[in-house]
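Undergrad: Pasting a structure below so you can have a look.
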Amino acid sequence: MYERSTDDRRSTYEDKEVYPAGEVKGPQGMGDERKRGRCCEEVRYSSSYALQVEKGLGAGSRNLSKRKTSQSGSEDKKAGRGEPETDGSPCHTDTGINVAKKKDELGLTNRIKGTNYSIQQRERIIEEVERLKSFGISKTKALKELGVCRSVYYGWMRCKNSIERRKSLSSLTESERDAVIKKKRSEPYLSHRKISGYLRNEGYWISESSCYRILKELDWIFTQPLREAPWKTPHYEPFAPNQVWGEDWTILSIGGLRHYLLTIIDYFSRYVVAWDIVKTVSQREVKDLLVMAYMNEGIEDMDQKPILRMDQGSPNMAYGTRRLIRDLEMVISPSRANRPTDNARQERWYRTIKQEEIYCFRDYPDIVIARRSIGKYVREYNELRPHQALWNFTPAFVHRVGNKTKLMEYKRRMVQIVKEQRIRTNRKLTSLVDGGVPRYDISQK
């Protein structure tokens with residue numbers, strides 16, 4: 001360690017007195033470590049030079065000639081008079097003790113506190129600490145100079161050396177996992193929620209989160225940014241089918257000419273009650289659609305007829321239309337002007353059919369092909385396509401059940417049944433792997 005240069009009596013070779021390691025001061029005379037409650041054997045400076053001094057000389061060395069040689073060598077280096085002589089100790093370039101350069105190489109120079117280390121940074125820091133340890137520098141010292149927390153470093157080491165966890169008995173089976181992957185490969189546009197709903201029709205009850213994890217591992221998750229819904233609480237929330245209907249129309253192109261798609265949708269189940277394709281929209285087309293929906297649902301004997309939600313367009317507000325609605329004992333509920341959210345579920349249905357059917361064709365060749373294609377999609381939407389707002393059940397199934405409480409009980413019951421089956425299957429597979437079945441030993445023959 002360093003000697004005091006301010007006291008000639010203590011710096012002579014004849015006296016051979018040095019201060020204990022705990023009371024040694026730095027070259028600038030900046031106090032000692034013992035006053036701060038520490039009693040360590042190295043000199044702690046702001047620079048990394050202390051690492052080289054301790055490695056080259058040793059904290060407990062009493063050989064003053066070696067101390068003098070090391071001190072003069074370091075002074076020569078500072079003055080630019082050549083390289084210092086070391087007793088096999090590594091230099092700056094060999095060990096990376098040049099902390100400023102090494103921190104810059106590892107990306108730790110201007111690191112913001114609280115940010116996570118990348119995987120590449122972790123591996124390089126671990127390699128660097130192990131390399132410095134091979135030269136006799138402790139991990140604690142190296143981590144402090146690099147500015148890495150000890151608990152964080154040893155947490156990395158525990159994760160690196162940890163044993164793989166035992167597979168849970170309630171985890172998905174291989175057949176269920178293969179079913180999710182097969183469905184995604186056959187229909188890549190399906191999201192993890194839709195895949196979960198479609199697989200129920202095939203007998204696989206797999207949660208949306210499990211489908212998401214499987215697709216995430218394969219990097220098959222694609223985000224679709226959407227606008228936030230402009231309403232907070234819906235004004236109409238029916239608790240049974242055929243309580244509130246929504247009616248509207250949208251544009252599509254057939255043979256280069258403008259046509260209109262008219263639909264009536266049930267607010268409770270999102271079920272498309274009636275639809276039609278017409279060249280123009282007048283009160284005649286609207287009345288025909290209302291009669292079609294009335295006959296399809298068979299609501300003649302219902303005590304309370306549906307509330308009809310529609311905009312204030314001239315075909316809807318015409319005298320003939322309002323008279324028919326009154327004769328059918330239904331109640332009209334017009335939406336406000338320039339407020340499409342008043343008929344939000346109808347507008348949301350149009351967005352779905354446009355994105356998945358109408359916008360797939362720039363122009364339908366003729367009205368026959370258009371009716372066939374749109375009719376096929378409407379049937380698929382009602383009977384097969386899972387709906388996220390209906391807990392991935394289909395609109396037709398919800399429309400037939402007519403009670404969302406029963407739907408939730410049915411879902412919980414099915415999930416519990418499938419979970420128990422999955423546990424039994426995985427328990428059998430685990431017993432086979434762990435030696436539950438006796439194996440044939442050729443040495444016994």
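Letters for chains follow the order of the structure tokens (A, B, ...), residue numbers begin at 1 for each chain, and ligand numbers begin at 1 in the order shown.
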Could you go through segment 170-244 of chain A and tell me which residues DSSP, when run on the backbone, assigns to helix (DSSP H, G or I), listing them as a ChimeraX atom specification?

TA: /A:174-186,192-201,208-217

Undergrad: Residues near segment 376-382 of chain A, anyone? I mean within 6 Å using only C-alpha atoms, not counting same-chain ones fewer than 4 positions away, as a PyMOL selection string.

TA: chain A and resi 271+395-396

Undergrad: Keeping only N, CA and C atoms, write the selected residues as a PDB file, in the first residue's frame.

TA:
```pdb
ATOM      1  N   TYR A 271     -77.353 -11.777 -33.219  1.00  0.00           N
ATOM      2  CA  TYR A 271     -77.821 -12.695 -34.256  1.00  0.00           C
ATOM      3  C   TYR A 271     -78.461 -11.891 -35.388  1.00  0.00           C
ATOM      4  N   PRO A 395     -73.374 -16.444 -32.060  1.00  0.00           N
ATOM      5  CA  PRO A 395     -74.641 -15.731 -31.876  1.00  0.00           C
ATOM      6  C   PRO A 395     -75.859 -16.657 -31.898  1.00  0.00           C
ATOM      7  N   ALA A 396     -75.864 -17.676 -32.774  1.00  0.00           N
ATOM      8  CA  ALA A 396     -77.018 -18.577 -32.838  1.00  0.00           C
ATOM      9  C   ALA A 396     -77.171 -19.366 -31.546  1.00  0.00           C
TER      10      ALA A 396
END
```

Undergrad: Quick one: residues within 9 Å of Val415 of chain A, only C-alpha atoms, excluding same-chain residues fewer than 6 positions away - as number ranges by chain?

TA: A: 205-207

Undergrad: Going by DSSP on the backbone, which bits of segment 202-439 of chain A are strand (DSSP E)? Write them as a PyMOL selection string, please.

TA: chain A and resi 244-254+257-266+272-278+307-310+331-334
